[in-house]
file data10.pdb (PDB, C-alpha atoms, pLDDT in the B column)
MODEL        1
ATOM      1  CA  MET I  25      87.031  82.074 108.687  1.00 70.00           C
ATOM      2  CA  LEU I  26      89.768  79.452 108.498  1.00 80.00           C
ATOM      3  CA  ALA I  27      93.220  80.502 109.682  1.00 84.00           C
ATOM      4  CA  GLU I  28      94.756  79.730 106.286  1.00 80.00           C
ATOM      5  CA  ARG I  29      92.302  82.056 104.554  1.00 82.00           C
ATOM      6  CA  ARG I  30      92.965  84.804 107.109  1.00 86.00           C
ATOM      7  CA  HIS I  31      96.681  84.452 106.521  1.00 86.00           C
ATOM      8  CA  GLN I  32      96.179  84.888 102.766  1.00 81.00           C
ATOM      9  CA  LEU I  33      94.072  88.006 103.291  1.00 84.00           C
ATOM     10  CA  ILE I  34      96.543  89.489 105.765  1.00 86.00           C
ATOM     11  CA  LEU I  35      99.436  89.048 103.332  1.00 80.00           C
ATOM     12  CA  ARG I  36      97.391  90.500 100.479  1.00 78.00           C
ATOM     13  CA  ALA I  37      96.464  93.539 102.577  1.00 79.00           C
ATOM     14  CA  LEU I  38     100.072  94.157 103.580  1.00 78.00           C
ATOM     15  CA  ARG I  39     101.357  93.768 100.029  1.00 69.00           C
ATOM     16  CA  SER I  40      98.788  96.125  98.548  1.00 66.00           C
ATOM     17  CA  GLY I  41      98.766  98.774 101.248  1.00 64.00           C
ATOM     18  CA  GLY I  42     102.129  98.608 102.996  1.00 63.00           C
ATOM     19  CA  PRO I  43     102.504  98.394 106.781  1.00 65.00           C
ATOM     20  CA  ALA I  44      99.213  97.847 108.599  1.00 78.00           C
ATOM     21  CA  ALA I  45      98.121  98.110 112.229  1.00 85.00           C
ATOM     22  CA  VAL I  46      96.569  95.207 114.115  1.00 90.00           C
ATOM     23  CA  THR I  47      93.382  97.258 114.594  1.00 88.00           C
ATOM     24  CA  ASP I  48      93.072  97.905 110.848  1.00 85.00           C
ATOM     25  CA  LEU I  49      93.547  94.243 109.987  1.00 89.00           C
ATOM     26  CA  SER I  50      91.053  93.272 112.690  1.00 89.00           C
ATOM     27  CA  GLU I  51      88.403  95.537 111.181  1.00 87.00           C
ATOM     28  CA  GLN I  52      89.087  94.398 107.599  1.00 86.00           C
ATOM     29  CA  LEU I  53      88.833  90.702 108.448  1.00 89.00           C
ATOM     30  CA  GLY I  54      86.100  90.935 111.065  1.00 90.00           C
ATOM     31  CA  VAL I  55      88.034  89.133 113.796  1.00 92.00           C
ATOM     32  CA  SER I  56      89.456  90.164 117.164  1.00 92.00           C
ATOM     33  CA  PRO I  57      92.819  91.927 117.549  1.00 92.00           C
ATOM     34  CA  ALA I  58      94.004  88.933 119.597  1.00 93.00           C
ATOM     35  CA  THR I  59      93.319  86.627 116.652  1.00 93.00           C
ATOM     36  CA  ILE I  60      95.238  88.940 114.325  1.00 92.00           C
ATOM     37  CA  ARG I  61      98.201  89.034 116.721  1.00 91.00           C
ATOM     38  CA  ARG I  62      98.344  85.220 116.800  1.00 91.00           C
ATOM     39  CA  ASP I  63      98.164  85.173 112.990  1.00 90.00           C
ATOM     40  CA  LEU I  64     101.025  87.665 112.738  1.00 90.00           C
ATOM     41  CA  VAL I  65     103.173  85.584 115.097  1.00 88.00           C
ATOM     42  CA  LYS I  66     102.584  82.490 112.946  1.00 86.00           C
ATOM     43  CA  LEU I  67     103.287  84.334 109.684  1.00 80.00           C
ATOM     44  CA  GLU I  68     106.477  85.822 111.110  1.00 75.00           C
ATOM     45  CA  GLU I  69     107.603  82.359 112.235  1.00 74.00           C
ATOM     46  CA  ASP I  70     107.036  81.203 108.647  1.00 65.00           C
ATOM     47  CA  GLY I  71     109.187  84.076 107.367  1.00 60.00           C
ATOM     48  CA  LEU I  72     106.314  85.728 105.477  1.00 67.00           C
ATOM     49  CA  LEU I  73     106.238  89.076 107.284  1.00 70.00           C
ATOM     50  CA  THR I  74     107.926  91.160 109.955  1.00 75.00           C
ATOM     51  CA  ARG I  75     106.047  92.339 113.020  1.00 80.00           C
ATOM     52  CA  VAL I  76     106.517  95.985 113.925  1.00 76.00           C
ATOM     53  CA  HIS I  77     105.112  98.060 116.777  1.00 77.00           C
ATOM     54  CA  GLY I  78     101.317  97.782 116.583  1.00 79.00           C
ATOM     55  CA  GLY I  79     101.205  95.816 113.345  1.00 80.00           C
ATOM     56  CA  ALA I  80     103.244  94.197 110.613  1.00 79.00           C
ATOM     57  CA  VAL I  81     104.971  94.766 107.285  1.00 72.00           C
ATOM     58  CA  VAL I  82     105.744  92.423 104.426  1.00 65.00           C
ATOM     59  CA  ASP I  83     108.528  92.681 101.868  1.00 56.00           C
ATOM     60  CA  GLU I  84     106.758  92.484  98.502  1.00 51.00           C
ATOM     61  CA  GLY I  85     109.735  90.739  96.945  1.00 51.00           C
ATOM     62  CA  ASP I  86     109.113  89.399  93.472  1.00 52.00           C
ATOM     63  CA  GLN I  87     105.351  88.889  93.458  1.00 52.00           C
ATOM     64  CA  PRO I  88     103.839  87.260  90.376  1.00 54.00           C
ATOM     65  CA  PHE I  89     102.406  89.774  87.906  1.00 56.00           C
ATOM     66  CA  ALA I  90      98.934  88.203  88.038  1.00 55.00           C
ATOM     67  CA  GLU I  91      98.763  88.703  91.807  1.00 56.00           C
ATOM     68  CA  VAL I  92      99.949  92.317  91.762  1.00 58.00           C
ATOM     69  CA  ALA I  93      97.677  93.158  88.814  1.00 55.00           C
ATOM     70  CA  GLU I  94      94.598  92.569  90.984  1.00 60.00           C
ATOM     71  CA  MET I  95      95.664  95.071  93.622  1.00 63.00           C
ATOM     72  CA  ARG I  96      94.496  98.713  93.742  1.00 69.00           C
ATOM     73  CA  VAL I  97      93.098  98.633  90.197  1.00 81.00           C
ATOM     74  CA  PRO I  98      90.867 101.758  90.513  1.00 85.00           C
ATOM     75  CA  GLU I  99      93.821 103.751  91.838  1.00 89.00           C
ATOM     76  CA  LYS I 100      96.091 102.549  89.030  1.00 91.00           C
ATOM     77  CA  ASP I 101      93.432 103.357  86.432  1.00 92.00           C
ATOM     78  CA  ALA I 102      93.022 106.894  87.773  1.00 93.00           C
ATOM     79  CA  ILE I 103      96.778 107.381  87.490  1.00 95.00           C
ATOM     80  CA  ALA I 104      96.808 105.876  83.995  1.00 95.00           C
ATOM     81  CA  VAL I 105      94.083 108.187  82.698  1.00 95.00           C
ATOM     82  CA  ARG I 106      95.894 111.265  83.976  1.00 96.00           C
ATOM     83  CA  ALA I 107      99.282 110.067  82.714  1.00 97.00           C
ATOM     84  CA  ALA I 108      97.880 109.437  79.225  1.00 97.00           C
ATOM     85  CA  GLU I 109      96.874 113.103  79.054  1.00 96.00           C
ATOM     86  CA  LEU I 110     100.556 114.081  79.222  1.00 97.00           C
ATOM     87  CA  ILE I 111     101.318 112.300  75.952  1.00 98.00           C
ATOM     88  CA  LYS I 112     100.922 114.057  72.591  1.00 97.00           C
ATOM     89  CA  ASP I 113     100.139 112.180  69.402  1.00 96.00           C
ATOM     90  CA  GLY I 114     103.274 111.347  67.437  1.00 97.00           C
ATOM     91  CA  GLN I 115     105.458 111.001  70.508  1.00 98.00           C
ATOM     92  CA  SER I 116     107.536 108.009  71.548  1.00 98.00           C
ATOM     93  CA  VAL I 117     106.638 106.494  74.916  1.00 98.00           C
ATOM     94  CA  LEU I 118     108.716 104.091  77.000  1.00 98.00           C
ATOM     95  CA  LEU I 119     106.675 101.966  79.412  1.00 98.00           C
ATOM     96  CA  ASP I 120     108.362 100.333  82.371  1.00 95.00           C
ATOM     97  CA  ILE I 121     107.897  96.863  83.808  1.00 90.00           C
ATOM     98  CA  GLY I 122     104.908  96.659  86.159  1.00 85.00           C
ATOM     99  CA  THR I 123     101.164  96.705  86.501  1.00 89.00           C
ATOM    100  CA  THR I 124     100.568 100.471  86.493  1.00 92.00           C
ATOM    101  CA  ALA I 125     102.399 100.756  83.169  1.00 94.00           C
ATOM    102  CA  TYR I 126     100.075  98.056  81.870  1.00 93.00           C
ATOM    103  CA  ARG I 127      97.032 100.072  82.990  1.00 94.00           C
ATOM    104  CA  LEU I 128      98.500 103.065  81.126  1.00 97.00           C
ATOM    105  CA  ALA I 129      98.928 100.966  77.972  1.00 97.00           C
ATOM    106  CA  ARG I 130      95.188 100.260  78.059  1.00 95.00           C
ATOM    107  CA  GLN I 131      94.591 104.009  77.767  1.00 96.00           C
ATOM    108  CA  LEU I 132      96.681 104.368  74.609  1.00 97.00           C
ATOM    109  CA  HIS I 133      94.588 102.382  72.132  1.00 97.00           C
ATOM    110  CA  GLY I 134      93.878 104.145  68.870  1.00 96.00           C
ATOM    111  CA  ARG I 135      96.509 106.834  69.320  1.00 97.00           C
ATOM    112  CA  ARG I 136      99.331 107.555  66.871  1.00 98.00           C
ATOM    113  CA  LEU I 137     102.303 106.722  69.075  1.00 98.00           C
ATOM    114  CA  THR I 138     105.494 104.709  69.271  1.00 98.00           C
ATOM    115  CA  VAL I 139     105.504 102.556  72.394  1.00 98.00           C
ATOM    116  CA  ILE I 140     108.738 100.959  73.605  1.00 98.00           C
ATOM    117  CA  THR I 141     108.632  98.389  76.398  1.00 97.00           C
ATOM    118  CA  SER I 142     110.137  95.331  78.053  1.00 96.00           C
ATOM    119  CA  ASN I 143     106.770  94.636  79.668  1.00 94.00           C
ATOM    120  CA  LEU I 144     105.295  91.563  77.988  1.00 94.00           C
ATOM    121  CA  VAL I 145     101.763  92.355  79.142  1.00 93.00           C
ATOM    122  CA  VAL I 146     102.016  95.821  77.578  1.00 96.00           C
ATOM    123  CA  TYR I 147     103.191  94.154  74.376  1.00 96.00           C
ATOM    124  CA  GLU I 148     100.246  91.753  74.420  1.00 94.00           C
ATOM    125  CA  GLU I 149      97.812  94.592  75.106  1.00 95.00           C
ATOM    126  CA  LEU I 150      98.998  96.708  72.153  1.00 97.00           C
ATOM    127  CA  ALA I 151     100.190  94.070  69.662  1.00 96.00           C
ATOM    128  CA  ASP I 152      97.040  94.210  67.521  1.00 95.00           C
ATOM    129  CA  ASP I 153      96.633  98.001  67.571  1.00 96.00           C
ATOM    130  CA  GLU I 154      97.783  99.111  64.134  1.00 95.00           C
ATOM    131  CA  SER I 155      97.827 102.788  65.097  1.00 97.00           C
ATOM    132  CA  ILE I 156     100.708 102.135  67.488  1.00 97.00           C
ATOM    133  CA  GLU I 157     104.282 101.475  66.395  1.00 97.00           C
ATOM    134  CA  LEU I 158     105.356  98.902  68.950  1.00 98.00           C
ATOM    135  CA  VAL I 159     108.985  98.205  69.924  1.00 97.00           C
ATOM    136  CA  LEU I 160     109.654  95.200  72.170  1.00 97.00           C
ATOM    137  CA  LEU I 161     113.044  95.252  73.874  1.00 97.00           C
ATOM    138  CA  GLY I 162     115.133  92.089  74.019  1.00 94.00           C
ATOM    139  CA  GLY I 163     116.361  90.389  77.171  1.00 94.00           C
ATOM    140  CA  MET I 164     115.981  87.499  79.546  1.00 93.00           C
ATOM    141  CA  VAL I 165     112.361  86.528  80.227  1.00 92.00           C
ATOM    142  CA  ARG I 166     111.105  86.683  83.810  1.00 86.00           C
ATOM    143  CA  ARG I 167     108.058  84.494  83.375  1.00 82.00           C
ATOM    144  CA  GLU I 168     106.360  85.152  86.703  1.00 76.00           C
ATOM    145  CA  TYR I 169     106.574  88.912  86.301  1.00 81.00           C
ATOM    146  CA  ARG I 170     106.013  88.989  82.520  1.00 85.00           C
ATOM    147  CA  SER I 171     109.041  91.107  81.730  1.00 91.00           C
ATOM    148  CA  LEU I 172     112.421  91.213  79.997  1.00 93.00           C
ATOM    149  CA  VAL I 173     115.570  92.182  81.885  1.00 92.00           C
ATOM    150  CA  GLY I 174     119.350  91.916  81.684  1.00 92.00           C
ATOM    151  CA  PHE I 175     122.241  93.307  79.651  1.00 92.00           C
ATOM    152  CA  LEU I 176     120.443  92.793  76.322  1.00 94.00           C
ATOM    153  CA  THR I 177     117.571  94.991  77.500  1.00 95.00           C
ATOM    154  CA  GLU I 178     120.014  97.639  78.685  1.00 95.00           C
ATOM    155  CA  ASP I 179     121.960  97.516  75.381  1.00 96.00           C
ATOM    156  CA  ASN I 180     118.719  97.955  73.409  1.00 96.00           C
ATOM    157  CA  LEU I 181     117.795 100.990  75.475  1.00 97.00           C
ATOM    158  CA  ARG I 182     121.136 102.669  74.775  1.00 95.00           C
ATOM    159  CA  GLN I 183     120.246 102.661  71.075  1.00 96.00           C
ATOM    160  CA  LEU I 184     116.832 104.296  71.523  1.00 97.00           C
ATOM    161  CA  HIS I 185     115.213 107.604  72.443  1.00 96.00           C
ATOM    162  CA  ALA I 186     111.815 108.264  73.987  1.00 98.00           C
ATOM    163  CA  ASP I 187     109.939 111.508  74.547  1.00 98.00           C
ATOM    164  CA  TRP I 188     108.450 110.078  77.736  1.00 98.00           C
ATOM    165  CA  LEU I 189     109.366 107.373  80.192  1.00 98.00           C
ATOM    166  CA  PHE I 190     106.612 106.191  82.513  1.00 98.00           C
ATOM    167  CA  LEU I 191     108.394 104.575  85.421  1.00 97.00           C
ATOM    168  CA  GLY I 192     107.024 102.276  88.102  1.00 94.00           C
ATOM    169  CA  THR I 193     108.243 101.838  91.663  1.00 92.00           C
ATOM    170  CA  SER I 194     107.741  99.806  94.817  1.00 87.00           C
ATOM    171  CA  GLY I 195     108.359 102.780  97.093  1.00 89.00           C
ATOM    172  CA  VAL I 196     109.244 106.472  97.356  1.00 92.00           C
ATOM    173  CA  ARG I 197     111.241 107.575 100.389  1.00 90.00           C
ATOM    174  CA  PRO I 198     110.456 110.826 102.254  1.00 90.00           C
ATOM    175  CA  GLY I 199     113.564 112.286 100.606  1.00 93.00           C
ATOM    176  CA  GLY I 200     112.041 111.570  97.193  1.00 94.00           C
ATOM    177  CA  GLN I 201     114.343 108.660  96.298  1.00 94.00           C
ATOM    178  CA  VAL I 202     112.690 106.071  94.060  1.00 95.00           C
ATOM    179  CA  MET I 203     113.180 102.509  95.319  1.00 90.00           C
ATOM    180  CA  ASP I 204     112.595  98.969  94.091  1.00 87.00           C
ATOM    181  CA  THR I 205     112.348  95.578  95.767  1.00 79.00           C
ATOM    182  CA  THR I 206     113.687  93.605  92.799  1.00 78.00           C
ATOM    183  CA  VAL I 207     117.392  94.194  92.265  1.00 76.00           C
ATOM    184  CA  VAL I 208     117.460  92.697  88.762  1.00 82.00           C
ATOM    185  CA  GLU I 209     115.066  95.403  87.530  1.00 87.00           C
ATOM    186  CA  VAL I 210     117.099  98.358  88.800  1.00 89.00           C
ATOM    187  CA  PRO I 211     119.743  98.497  86.001  1.00 92.00           C
ATOM    188  CA  VAL I 212     116.969  98.348  83.400  1.00 95.00           C
ATOM    189  CA  LYS I 213     115.087 101.178  85.095  1.00 96.00           C
ATOM    190  CA  ARG I 214     118.255 103.278  85.237  1.00 95.00           C
ATOM    191  CA  ALA I 215     118.873 102.672  81.531  1.00 96.00           C
ATOM    192  CA  MET I 216     115.268 103.691  80.826  1.00 97.00           C
ATOM    193  CA  ILE I 217     115.791 106.968  82.671  1.00 97.00           C
ATOM    194  CA  LYS I 218     118.737 107.791  80.411  1.00 97.00           C
ATOM    195  CA  THR I 219     116.607 106.993  77.346  1.00 97.00           C
ATOM    196  CA  GLY I 220     113.673 109.269  78.177  1.00 97.00           C
ATOM    197  CA  ASP I 221     113.622 113.034  77.629  1.00 97.00           C
ATOM    198  CA  LYS I 222     111.006 113.368  80.365  1.00 98.00           C
ATOM    199  CA  VAL I 223     110.492 110.939  83.219  1.00 98.00           C
ATOM    200  CA  ALA I 224     107.102 110.475  84.867  1.00 98.00           C
ATOM    201  CA  LEU I 225     106.851 108.286  87.959  1.00 98.00           C
ATOM    202  CA  LEU I 226     103.561 106.414  88.344  1.00 96.00           C
ATOM    203  CA  ALA I 227     102.973 105.760  92.051  1.00 94.00           C
ATOM    204  CA  ASP I 228      99.730 105.066  93.896  1.00 90.00           C
ATOM    205  CA  SER I 229      99.361 106.195  97.487  1.00 88.00           C
ATOM    206  CA  ALA I 230     100.571 102.825  98.867  1.00 84.00           C
ATOM    207  CA  LYS I 231     104.019 103.605  97.403  1.00 88.00           C
ATOM    208  CA  PHE I 232     104.602 106.444  99.894  1.00 88.00           C
ATOM    209  CA  PRO I 233     106.803 105.138 101.472  1.00 82.00           C
ATOM    210  CA  GLY I 234     106.122 101.633 100.130  1.00 77.00           C
ATOM    211  CA  THR I 235     109.040  99.215 100.133  1.00 74.00           C
ATOM    212  CA  GLY I 236     112.375  98.659  98.407  1.00 75.00           C
ATOM    213  CA  MET I 237     115.999  98.111  99.294  1.00 72.00           C
ATOM    214  CA  ALA I 238     117.590  99.259  96.020  1.00 80.00           C
ATOM    215  CA  LYS I 239     117.635 102.892  94.892  1.00 89.00           C
ATOM    216  CA  VAL I 240     116.603 103.503  91.295  1.00 93.00           C
ATOM    217  CA  CYS I 241     117.123 107.261  91.210  1.00 95.00           C
ATOM    218  CA  ASP I 242     117.022 110.521  93.138  1.00 95.00           C
ATOM    219  CA  PRO I 243     114.112 112.947  92.802  1.00 96.00           C
ATOM    220  CA  GLY I 244     116.136 115.264  90.599  1.00 96.00           C
ATOM    221  CA  GLU I 245     115.982 112.673  87.815  1.00 97.00           C
ATOM    222  CA  LEU I 246     112.182 112.896  87.690  1.00 98.00           C
ATOM    223  CA  ASP I 247     110.084 115.490  85.898  1.00 97.00           C
ATOM    224  CA  VAL I 248     106.627 114.432  87.055  1.00 97.00           C
ATOM    225  CA  VAL I 249     105.028 112.216  89.692  1.00 97.00           C
ATOM    226  CA  VAL I 250     101.489 111.040  88.938  1.00 97.00           C
ATOM    227  CA  THR I 251      99.602 109.625  91.908  1.00 95.00           C
ATOM    228  CA  ASP I 252      96.038 109.031  93.094  1.00 92.00           C
ATOM    229  CA  ALA I 253      96.130 110.871  96.416  1.00 87.00           C
ATOM    230  CA  PRO I 254      97.933 113.823  98.009  1.00 88.00           C
ATOM    231  CA  VAL I 255     101.557 113.037  98.807  1.00 89.00           C
ATOM    232  CA  ASN I 256     102.681 113.337 102.443  1.00 89.00           C
ATOM    233  CA  ALA I 257     104.217 116.682 103.347  1.00 91.00           C
ATOM    234  CA  ALA I 258     107.830 115.518 103.719  1.00 91.00           C
ATOM    235  CA  THR I 259     107.917 113.724 100.387  1.00 94.00           C
ATOM    236  CA  ARG I 260     106.067 116.482  98.585  1.00 93.00           C
ATOM    237  CA  SER I 261     108.563 119.034  99.886  1.00 94.00           C
ATOM    238  CA  SER I 262     111.507 116.902  98.707  1.00 95.00           C
ATOM    239  CA  LEU I 263     109.986 116.493  95.262  1.00 96.00           C
ATOM    240  CA  GLU I 264     109.151 120.166  94.882  1.00 94.00           C
ATOM    241  CA  GLU I 265     112.646 121.205  95.978  1.00 95.00           C
ATOM    242  CA  ALA I 266     113.988 118.968  93.180  1.00 96.00           C
ATOM    243  CA  GLY I 267     111.700 120.694  90.661  1.00 96.00           C
ATOM    244  CA  VAL I 268     109.318 117.758  90.258  1.00 96.00           C
ATOM    245  CA  GLU I 269     105.678 118.429  89.335  1.00 96.00           C
ATOM    246  CA  VAL I 270     103.287 116.384  91.481  1.00 95.00           C
ATOM    247  CA  ILE I 271     100.037 115.530  89.712  1.00 95.00           C
ATOM    248  CA  VAL I 272      97.151 113.997  91.636  1.00 93.00           C
ATOM    249  CA  ALA I 273      94.682 112.179  89.378  1.00 86.00           C
ATOM    250  CA  GLY I 274      91.991 114.695  88.558  1.00 67.00           C
ATOM    251  CA  LYS I 275      93.972 117.725  89.707  1.00 49.00           C
ATOM    252  CA  VAL I 276      97.459 119.214  89.837  1.00 44.00           C
ATOM    253  CA  GLN I 277      99.038 120.130  93.172  1.00 46.00           C
ATOM    254  CA  THR I 278     100.314 123.683  93.224  1.00 40.00           C
TER     255      THR I 278
ENDMDL
END
call {"tool": "encode", "arguments": {"input": "data10.pdb", "output": "structure tokens"}}
result
Amino acid sequence: MLAERRHQLILRALRSGGPAAVTDLSEQLGVSPATIRRDLVKLEEDGLLTRVHGGAVVDEGDQPFAEVAEMRVPEKDAIAVRAAELIKDGQSVLLDIGTTAYRLARQLHGRRLTVITSNLVVYEELADDESIELVLLGGMVRREYRSLVGFLTEDNLRQLHADWLFLGTSGVRPGGQVMDTTVVEVPVKRAMIKTGDKVALLADSAKFPGTGMAKVCDPGELDVVVTDAPVNAATRSSLEEAGVEVIVAGKVQT
């Protein structure tokens, strides 16, 4: 395998699964640990990742939507199916920016709902579904991430109400704080939280702890977390202490 191809696969693995050990990357790519270590040195020199003890981590930054959409699709679909079961016909649903919200939108076809979003891919998915009343928020277009952000988006949200907000994240800290890597999205997410009666966080297992330098909210502002795998003990304890229901796709943790 050419070094350039290995580098692409290493970055994809780190972005989809969070920090990874040299041994794990070696097994995934079918090369020696020494080769992986040399690759990590080169990628760090290029500013594409940070080496940590035994492995490496990459800041997801502002990845293009198309790239993120290909990652962990089965996990996102499992979350989406379970999240859709929380919604009752006739309710208003606010869908956040991000790929998991898009997978949820795919589960809503044919239902009598009002869907509010600044996610352009959600809009495109539901635009022709006449059973759904669709509200597209205004704002500045972020072309690479197919979303609308800015003060216009926030102003629109202050004029609306939703029964449910389904929120995305780039990481959840052990204390239950919801984080994001993209600072420009944080004010929109905070405005969405104020708009929704109930807030459900959609987070696959790679988001515990995931990444993110900007705090979106504390656990007490969530009602539900929907994930695809059991949450680590520290985070689960923090969420439960804040009164958050943790739902694992296919079952509810009690």
call {"tool": "residues_near_point", "arguments": {"input": "data10.pdb", "point": "(103.0, 110.5, 87.7)", "cutoff": "9 Å", "atoms": "only C-alpha atoms", "output": "PyMOL selection string"}}
result
chain I and resi 103-104+106-107+190-191+223-228+247-252+269-273
call {"tool": "residues_around", "arguments": {"input": "data10.pdb", "residues": "I:Leu161", "least_positions_apart": "4", "cutoff": "7 Å", "atoms": "all atoms listed in the file", "output": "PyMOL selection string"}}
result
chain I and resi 141-142+177+180
call {"tool": "residues_near_point", "arguments": {"input": "data10.pdb", "point": "(107.2, 100.8, 99.8)", "cutoff": "8 Å", "atoms": "only C-alpha atoms", "output": "NGL selection string"}}
result
:I and (42 or 194-197 or 203 or 230-236)
call {"tool": "resolve_selection", "arguments": {"input": "data10.pdb", "expression": "the PyMOL selection byres ((chain I and resi 111) around 12)", "output": "PyMOL selection string"}}
result
chain I and resi 104-110+112-118+128-129+131-132+135-139+186-190+222-224
call {"tool": "atom_distance", "arguments": {"input": "data10.pdb", "atom1": "atom CA of I:Arg75", "atom2": "atom CA of I:Ile34"}}
result
12.3 Å
call {"tool": "atom_distance", "arguments": {"input": "data10.pdb", "atom1": "atom CA of I:Leu33", "atom2": "atom CA of I:Arg167"}}
result
24.6 Å
call {"tool": "atom_distance", "arguments": {"input": "data10.pdb", "atom1": "atom CA of I:Thr193", "atom2": "atom CA of I:Val208"}}
result
13.3 Å
